[in-house]
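**Student:** Structure file work.pdb (PDB, C-alpha atoms) is given on the next line.
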ATOM      1  CA  MET S  18     -13.610 -51.864 -29.963
ATOM      2  CA  MET S  19     -16.863 -51.394 -28.048
ATOM      3  CA  LEU S  20     -19.500 -48.919 -29.244
ATOM      4  CA  PHE S  21     -22.880 -48.628 -27.524
ATOM      5  CA  GLY S  22     -22.325 -51.982 -25.846
ATOM      6  CA  LYS S  23     -21.571 -53.764 -29.112
ATOM      7  CA  GLU S  24     -18.246 -55.062 -30.263
ATOM      8  CA  VAL S  25     -17.180 -53.537 -33.580
ATOM      9  CA  ASN S  26     -14.480 -55.438 -35.446
ATOM     10  CA  LEU S  27     -11.982 -53.393 -37.408
ATOM     11  CA  ARG S  28     -10.240 -54.638 -40.522
ATOM     12  CA  GLN S  29      -6.809 -56.072 -39.783
ATOM     13  CA  GLU S  30      -5.618 -56.199 -43.422
ATOM     14  CA  TYR S  31      -6.052 -54.111 -46.547
ATOM     15  CA  CYS S  32      -7.612 -55.654 -49.643
ATOM     16  CA  ALA S  33      -5.139 -57.262 -52.009
ATOM     17  CA  LEU S  34      -5.386 -57.506 -55.766
ATOM     18  CA  ASN S  35      -4.367 -60.282 -58.139
ATOM     19  CA  GLY S  36      -3.379 -62.778 -55.473
ATOM     20  CA  ALA S  37      -0.965 -60.436 -53.699
ATOM     21  CA  LYS S  38      -0.520 -60.848 -49.974
ATOM     22  CA  PRO S  39      -2.680 -58.364 -48.031
ATOM     23  CA  ALA S  40      -0.754 -55.705 -46.134
ATOM     24  CA  PRO S  41      -1.577 -55.282 -42.444
ATOM     25  CA  VAL S  42      -3.455 -52.201 -41.273
ATOM     26  CA  LEU S  43      -0.940 -50.596 -38.926
ATOM     27  CA  THR S  44      -3.067 -47.642 -37.814
ATOM     28  CA  PRO S  45      -6.708 -48.587 -37.203
ATOM     29  CA  TYR S  46      -9.132 -46.339 -39.079
ATOM     30  CA  VAL S  47     -12.748 -46.072 -40.148
ATOM     31  CA  ASN S  48     -14.696 -44.467 -42.953
ATOM     32  CA  LEU S  49     -18.225 -43.557 -41.898
ATOM     33  CA  TYR S  50     -21.294 -43.403 -44.114
ATOM     34  CA  VAL S  51     -23.984 -41.389 -42.372
ATOM     35  CA  ARG S  52     -27.548 -41.401 -43.692
ATOM     36  CA  ILE S  53     -28.461 -37.940 -42.503
ATOM     37  CA  GLU S  54     -31.800 -37.651 -44.351
ATOM     38  CA  ASP S  55     -34.377 -40.080 -45.719
ATOM     39  CA  ALA S  56     -36.403 -37.515 -47.649
ATOM     40  CA  CYS S  57     -35.557 -36.811 -51.286
ATOM     41  CA  GLN S  58     -37.081 -34.700 -54.024
ATOM     42  CA  ALA S  59     -36.134 -37.357 -56.601
ATOM     43  CA  THR S  60     -37.909 -40.684 -56.971
ATOM     44  CA  CYS S  61     -35.226 -42.873 -58.498
ATOM     45  CA  LYS S  62     -36.562 -46.344 -59.157
ATOM     46  CA  PHE S  63     -33.243 -47.922 -58.143
ATOM     47  CA  CYS S  64     -33.012 -46.187 -54.745
ATOM     48  CA  ALA S  65     -32.823 -48.533 -51.771
ATOM     49  CA  TYR S  66     -33.544 -45.787 -49.229
ATOM     50  CA  LYS S  67     -37.009 -44.651 -50.277
ATOM     51  CA  ASN S  68     -39.160 -43.707 -47.312
ATOM     52  CA  MET S  69     -37.030 -45.482 -44.734
ATOM     53  CA  GLY S  70     -38.452 -43.275 -41.995
ATOM     54  CA  SER S  71     -35.416 -43.198 -39.732
ATOM     55  CA  LYS S  72     -34.633 -40.082 -37.711
ATOM     56  CA  PHE S  73     -31.126 -38.632 -37.620
ATOM     57  CA  ASP S  74     -29.874 -38.080 -34.089
ATOM     58  CA  PHE S  75     -27.264 -35.305 -34.167
ATOM     59  CA  TYR S  76     -26.219 -35.820 -30.543
ATOM     60  CA  LYS S  77     -25.630 -39.543 -31.052
ATOM     61  CA  PHE S  78     -23.702 -38.759 -34.250
ATOM     62  CA  TYR S  79     -21.552 -36.178 -32.458
ATOM     63  CA  TYR S  80     -20.896 -38.577 -29.579
ATOM     64  CA  ILE S  81     -19.830 -41.369 -31.970
ATOM     65  CA  VAL S  82     -17.518 -39.133 -34.007
ATOM     66  CA  GLU S  83     -15.959 -37.670 -30.880
ATOM     67  CA  LYS S  84     -15.466 -41.113 -29.306
ATOM     68  CA  LEU S  85     -14.082 -42.718 -32.474
ATOM     69  CA  ASN S  86     -11.745 -39.766 -33.076
ATOM     70  CA  LYS S  87     -10.163 -40.339 -29.654
ATOM     71  CA  GLN S  88      -9.686 -44.074 -30.216
ATOM     72  CA  LEU S  89      -8.636 -44.346 -33.855
ATOM     73  CA  SER S  90      -8.344 -42.480 -37.107
ATOM     74  CA  ILE S  91     -11.486 -41.386 -38.960
ATOM     75  CA  ARG S  92     -10.370 -40.928 -42.549
ATOM     76  CA  LYS S  93     -13.662 -40.008 -44.177
ATOM     77  CA  ILE S  94     -17.275 -39.238 -43.344
ATOM     78  CA  SER S  95     -19.743 -39.426 -46.225
ATOM     79  CA  PHE S  96     -23.135 -37.837 -45.682
ATOM     80  CA  THR S  97     -25.787 -39.695 -47.633
ATOM     81  CA  GLY S  98     -29.539 -39.923 -47.834
ATOM     82  CA  GLY S  99     -32.189 -39.693 -49.230
ATOM     83  CA  GLU S 100     -30.954 -36.277 -50.243
ATOM     84  CA  PRO S 101     -28.581 -34.850 -47.602
ATOM     85  CA  THR S 102     -28.973 -31.249 -48.806
ATOM     86  CA  MET S 103     -32.593 -31.432 -47.604
ATOM     87  CA  SER S 104     -31.450 -32.009 -44.029
ATOM     88  CA  ALA S 105     -31.382 -29.109 -41.609
ATOM     89  CA  MET S 106     -28.672 -31.083 -39.803
ATOM     90  CA  LEU S 107     -26.182 -31.204 -42.693
ATOM     91  CA  ARG S 108     -24.780 -27.769 -41.878
ATOM     92  CA  HIS S 109     -24.392 -28.573 -38.156
ATOM     93  CA  SER S 110     -22.952 -32.020 -38.806
ATOM     94  CA  VAL S 111     -20.252 -30.973 -41.286
ATOM     95  CA  LYS S 112     -19.159 -28.114 -39.021
ATOM     96  CA  ALA S 113     -19.122 -30.427 -35.976
ATOM     97  CA  VAL S 114     -16.906 -32.955 -37.777
ATOM     98  CA  LYS S 115     -14.386 -30.241 -38.673
ATOM     99  CA  GLU S 116     -14.448 -28.926 -35.080
ATOM    100  CA  ILE S 117     -13.691 -32.401 -33.762
ATOM    101  CA  ASN S 118     -10.936 -33.013 -36.306
ATOM    102  CA  LYS S 119     -10.298 -30.708 -39.290
ATOM    103  CA  ASP S 120      -8.411 -33.512 -41.091
ATOM    104  CA  ILE S 121     -11.439 -35.781 -41.461
ATOM    105  CA  PHE S 122     -12.315 -35.824 -45.172
ATOM    106  CA  THR S 123     -15.979 -34.922 -45.622
ATOM    107  CA  VAL S 124     -18.113 -35.945 -48.607
ATOM    108  CA  VAL S 125     -21.731 -35.138 -49.406
ATOM    109  CA  ASN S 126     -23.416 -37.689 -51.704
ATOM    110  CA  THR S 127     -26.056 -35.630 -53.505
ATOM    111  CA  ASN S 128     -28.155 -35.485 -56.632
ATOM    112  CA  GLY S 129     -27.353 -31.769 -56.659
ATOM    113  CA  PHE S 130     -30.614 -30.487 -55.194
ATOM    114  CA  LYS S 131     -29.876 -27.010 -53.785
ATOM    115  CA  MET S 132     -26.224 -28.030 -53.531
ATOM    116  CA  GLU S 133     -25.022 -24.479 -54.168
ATOM    117  CA  GLU S 134     -26.713 -23.339 -50.928
ATOM    118  CA  HIS S 135     -24.120 -25.395 -49.047
ATOM    119  CA  PHE S 136     -20.937 -24.366 -50.858
ATOM    120  CA  ASP S 137     -19.895 -22.278 -47.843
ATOM    121  CA  LEU S 138     -19.523 -25.455 -45.771
ATOM    122  CA  PRO S 139     -16.085 -27.018 -45.250
ATOM    123  CA  VAL S 140     -16.982 -29.996 -47.460
ATOM    124  CA  ASP S 141     -13.965 -31.643 -49.086
ATOM    125  CA  SER S 142     -15.857 -33.386 -51.882
ATOM    126  CA  TRP S 143     -19.292 -33.390 -53.509
ATOM    127  CA  ALA S 144     -20.246 -36.817 -54.923
ATOM    128  CA  LEU S 145     -22.789 -35.736 -57.533
ATOM    129  CA  SER S 146     -25.172 -38.445 -58.729
ATOM    130  CA  ARG S 147     -25.177 -37.946 -62.456
ATOM    131  CA  HIS S 148     -26.470 -41.081 -64.173
ATOM    132  CA  HIS S 149     -26.389 -39.852 -67.752
ATOM    133  CA  PHE S 150     -24.440 -37.216 -69.680
ATOM    134  CA  ILE S 151     -27.587 -35.886 -71.388
ATOM    135  CA  ASP S 152     -29.465 -33.629 -68.941
ATOM    136  CA  SER S 153     -32.953 -34.804 -69.944
ATOM    137  CA  ASN S 154     -31.918 -38.470 -69.593
ATOM    138  CA  ASN S 155     -30.400 -37.791 -66.168
ATOM    139  CA  GLN S 156     -33.604 -36.028 -65.090
ATOM    140  CA  PHE S 157     -35.656 -38.976 -66.355
ATOM    141  CA  ILE S 158     -33.558 -41.458 -64.377
ATOM    142  CA  LEU S 159     -33.806 -39.342 -61.218
ATOM    143  CA  ASP S 160     -37.472 -38.635 -61.997
ATOM    144  CA  THR S 161     -37.034 -34.942 -61.224
ATOM    145  CA  ASP S 162     -35.967 -31.760 -62.948
ATOM    146  CA  GLN S 163     -34.811 -30.290 -59.616
ATOM    147  CA  VAL S 164     -31.162 -31.136 -60.222
ATOM    148  CA  PRO S 165     -28.470 -28.986 -61.816
ATOM    149  CA  VAL S 166     -28.026 -29.287 -65.563
ATOM    150  CA  ARG S 167     -24.641 -29.179 -67.246
ATOM    151  CA  GLU S 168     -24.917 -25.446 -68.024
ATOM    152  CA  GLU S 169     -25.424 -24.682 -64.312
ATOM    153  CA  LEU S 170     -22.568 -26.964 -63.274
ATOM    154  CA  GLU S 171     -20.216 -25.194 -65.661
ATOM    155  CA  LYS S 172     -20.981 -21.836 -63.970
ATOM    156  CA  TYR S 173     -19.662 -22.970 -60.579
ATOM    157  CA  LYS S 174     -16.427 -21.366 -59.409
ATOM    158  CA  PRO S 175     -13.248 -23.374 -60.151
ATOM    159  CA  SER S 176     -12.695 -23.860 -56.412
ATOM    160  CA  ILE S 177     -16.082 -25.621 -56.226
ATOM    161  CA  LYS S 178     -15.736 -27.539 -59.507
ATOM    162  CA  LYS S 179     -12.523 -29.190 -58.329
ATOM    163  CA  LYS S 180     -14.409 -30.598 -55.330
ATOM    164  CA  ILE S 181     -17.135 -32.248 -57.448
ATOM    165  CA  HIS S 182     -16.825 -35.793 -58.693
ATOM    166  CA  LEU S 183     -19.535 -37.643 -60.548
ATOM    167  CA  SER S 184     -21.182 -40.814 -59.373
ATOM    168  CA  CYS S 185     -22.899 -42.875 -62.062
ATOM    169  CA  ASN S 186     -24.937 -46.039 -61.658
ATOM    170  CA  LEU S 187     -24.703 -48.387 -64.585
ATOM    171  CA  ILE S 188     -28.341 -48.751 -65.653
ATOM    172  CA  LYS S 189     -29.641 -51.064 -68.362
ATOM    173  CA  GLY S 190     -30.782 -49.036 -71.358
ATOM    174  CA  SER S 191     -28.725 -46.039 -70.280
ATOM    175  CA  ILE S 192     -25.039 -46.157 -69.349
ATOM    176  CA  ASP S 193     -24.714 -49.923 -69.696
ATOM    177  CA  SER S 194     -21.804 -50.736 -71.990
ATOM    178  CA  HIS S 195     -18.131 -49.994 -72.409
ATOM    179  CA  ALA S 196     -18.963 -47.578 -75.250
ATOM    180  CA  GLN S 197     -21.539 -45.733 -73.106
ATOM    181  CA  VAL S 198     -19.120 -45.506 -70.171
ATOM    182  CA  MET S 199     -16.464 -44.053 -72.476
ATOM    183  CA  HIS S 200     -19.003 -41.598 -73.924
ATOM    184  CA  TYR S 201     -20.008 -40.584 -70.375
ATOM    185  CA  LEU S 202     -16.363 -40.024 -69.412
ATOM    186  CA  GLU S 203     -15.741 -37.914 -72.517
ATOM    187  CA  HIS S 204     -18.589 -35.604 -71.563
TER
END
As structure tokens - that is how I would like this structure written.
**Tutor:**
Amino acid sequence: MMLFGKEVNLRQEYCALNGAKPAPVLTPYVNLYVRIEDACQATCKFCAYKNMGSKFDFYKFYYIVEKLNKQLSIRKISFTGGEPTMSAMLRHSVKAVKEINKDIFTVVNTNGFKMEEHFDLPVDSWALSRHHFIDSNNQFILDTDQVPVREELEKYKPSIKKKIHLSCNLIKGSIDSHAQVMHYLEH
């Protein structure tokens, strides 16, 4: 398909495991990852998006989502950053997606900074960066204490808790072995 004068190739087959024959994609679809904000209150050493300096263009985003929605299926839009909860455009963007097509699955990839201020949004899933099960270790990795600790997370309403899934980078000296992964999962 053409988008802004450029040809975008869509996958023709699904991935196949263990030598199986890939199944064809019968209904073309896309998953979008939208970097809505470059700023972040954390200073994670592993972050690839530090100070990228790009500006989010809501009107271009809206145009793309509207155009893609007419031509094929958009299964998921993940809002990423920096820290997306710092963006004034997160609220407008999530609502716009649901106005265009309420069935598009929306995800916000966040370290949890002021996440609770956005719980009224029609977000389907919160991908919470939580790189260690011990709060102080997680704060050290993120290099900030401006993220929710376990006690705060446990106070969220059940309807919110069921929308949160954890995202953990495997980091040497932290969660870096089978035993540590299992310990993380138990917590």
**Student:** How many Å separate CA of Gln29 (chain S) from CA of Ile91 (chain S)?
**Tutor:**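 About the pair CA of Gln29 (chain S) and CA of Ile91 (chain S): they are 15.4 Å apart.
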**Student:** I'd like the neighbourhood of region 41-46 of chain S as a PDB file with C-alpha atoms, in the coordinates of the input, where a residue qualifies if any of its atoms comes within 10 Å (using all atoms listed in the file), though same-chain residues fewer than 3 positions away should be ignored.
**Tutor:**
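Resulting contents of result26.pdb:
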ATOM      1  CA  LEU S  27     -11.982 -53.393 -37.408  1.00  0.00           C
ATOM      2  CA  ARG S  28     -10.240 -54.638 -40.522  1.00  0.00           C
ATOM      3  CA  GLN S  29      -6.809 -56.072 -39.783  1.00  0.00           C
ATOM      4  CA  GLU S  30      -5.618 -56.199 -43.422  1.00  0.00           C
ATOM      5  CA  TYR S  31      -6.052 -54.111 -46.547  1.00  0.00           C
ATOM      6  CA  CYS S  32      -7.612 -55.654 -49.643  1.00  0.00           C
ATOM      7  CA  LYS S  38      -0.520 -60.848 -49.974  1.00  0.00           C
ATOM      8  CA  LEU S  49     -18.225 -43.557 -41.898  1.00  0.00           C
ATOM      9  CA  LEU S  85     -14.082 -42.718 -32.474  1.00  0.00           C
ATOM     10  CA  ASN S  86     -11.745 -39.766 -33.076  1.00  0.00           C
ATOM     11  CA  GLN S  88      -9.686 -44.074 -30.216  1.00  0.00           C
ATOM     12  CA  LEU S  89      -8.636 -44.346 -33.855  1.00  0.00           C
ATOM     13  CA  SER S  90      -8.344 -42.480 -37.107  1.00  0.00           C
ATOM     14  CA  ILE S  91     -11.486 -41.386 -38.960  1.00  0.00           C
ATOM     15  CA  ARG S  92     -10.370 -40.928 -42.549  1.00  0.00           C
ATOM     16  CA  LYS S  93     -13.662 -40.008 -44.177  1.00  0.00           C
TER      17      LYS S  93
END
**Student:** Apply the PyMOL selection byres ((chain S and resi 96) around 8) to the displayed file and report the matching residues as number ranges by chain.
**Tutor:** S: 50-53, 94-95, 97-98, 101, 107, 123-126
**Student:** Please evaluate the PyMOL selection byres ((chain S and resi 179) around 12) against the structure above and give the resulting residues as a short mmCIF file (atom, residue, chain, number, x, y, z; two decimals) with C-alpha atoms, in the frame of the given file.
**Tutor:**
data_model
loop_
_atom_site.label_atom_id
_atom_site.label_comp_id
_atom_site.auth_asym_id
_atom_site.auth_seq_id
_atom_site.Cartn_x
_atom_site.Cartn_y
_atom_site.Cartn_z
CA VAL S 140 -16.98 -30.00 -47.46
CA ASP S 141 -13.96 -31.64 -49.09
CA SER S 142 -15.86 -33.39 -51.88
CA TRP S 143 -19.29 -33.39 -53.51
CA ALA S 144 -20.25 -36.82 -54.92
CA LEU S 170 -22.57 -26.96 -63.27
CA GLU S 171 -20.22 -25.19 -65.66
CA TYR S 173 -19.66 -22.97 -60.58
CA LYS S 174 -16.43 -21.37 -59.41
CA PRO S 175 -13.25 -23.37 -60.15
CA SER S 176 -12.70 -23.86 -56.41
CA ILE S 177 -16.08 -25.62 -56.23
CA LYS S 178 -15.74 -27.54 -59.51
CA LYS S 180 -14.41 -30.60 -55.33
CA ILE S 181 -17.14 -32.25 -57.45
CA HIS S 182 -16.82 -35.79 -58.69
CA LEU S 183 -19.54 -37.64 -60.55
#
**Student:** What residues come out when you apply the PyMOL selection byres ((chain S and resi 198) around 12) to this file, written as number ranges by chain?
**Tutor:** S: 148-150, 184-188, 191-197, 199-204
**Student:** Would you pick out the contacts of Leu138 (chain S) at 9 Å or less, using only C-alpha atoms, so that residues sharing its chain but fewer than 3 positions from it are not included, and give the list as a ChimeraX atom specification?
**Tutor:** /S:108,111-112,135,141
**Student:** Contacts between region 60-65 of chain S and region 139-170 of chain S, please, where a residue of region 139-170 of chain S counts if it comes within 9 Å (with all atoms listed in the file); show its shortest atom pair and distance in Å to one decimal, rows by chain and ascending number, as a tab-separated table.
**Tutor:**
residue	atom	partner	partner_atom	distance
S:Phe157	CA	S:Cys61	CA	8.8
S:Ile158	CA	S:Cys61	CA	6.3
S:Leu159	CA	S:Cys61	CA	4.7
S:Asp160	CA	S:Thr60	CA	5.4
S:Thr161	CA	S:Thr60	CA	7.2
**Student:** How many Å separate CA of Lys115 (chain S) from CA of Glu169 (chain S)?
**Tutor:**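 CA of Glu169 (chain S) lies at a distance of 28.5 Å from CA of Lys115 (chain S).
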**Student:** So the first atom is CA of Tyr76 (chain S) and the second is CA of Gly99 (chain S); what is the distance between them in Å, to one decimal place?
**Tutor:**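 Value for the CA of Tyr76 (chain S)-CA of Gly99 (chain S) distance: 20.0 Å.
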**Student:** Set up a box along x, y and z of the file covering all listed atoms of region 94-101 of chain S, add 5 Å on every one of the six sides, and write the centre and edge lengths in Å to one decimal, as lines of an AutoDock Vina configuration file.
**Tutor:**
center_x = -24.7
center_y = -37.4
center_z = -46.8
size_x = 24.9
size_y = 15.1
size_z = 16.9
**Student:** Of the residues S:Leu145, S:Gly190, S:Phe78, S:Ala33, which is the one nearest to Met106 (chain S), using all atoms listed in the file?
**Tutor:**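 For Met106 (chain S), the nearest of the given residues is S:Phe78.
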**Student:** Using all atoms listed in the file, which residue out of S:Gln58, S:Ser71, S:Asn118, S:Asn35 lies closest to Val164 (chain S)?
**Tutor:**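 Comparing S:Gln58, S:Ser71, S:Asn118, S:Asn35 against Val164 (chain S), the winner is S:Gln58.
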**Student:** Compare S:Met19, S:Ala59, S:Ala105, S:Val47 by their minimum atom-to-atom distance to Ile121 (chain S), counting only C-alpha atoms, and give me the closest one.
**Tutor:**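 Going through S:Met19, S:Ala59, S:Ala105, S:Val47 one by one, the smallest distance to Ile121 (chain S) is for S:Val47.
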**Student:** Of the candidates S:Asn26, S:Ser104, S:Gln163, S:Asn154, which shows the shortest atom-to-atom distance to Asn128 (chain S), using only C-alpha atoms?
**Tutor:**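 Of S:Asn26, S:Ser104, S:Gln163, S:Asn154, the one nearest Asn128 (chain S), counting only C-alpha atoms, is S:Gln163.
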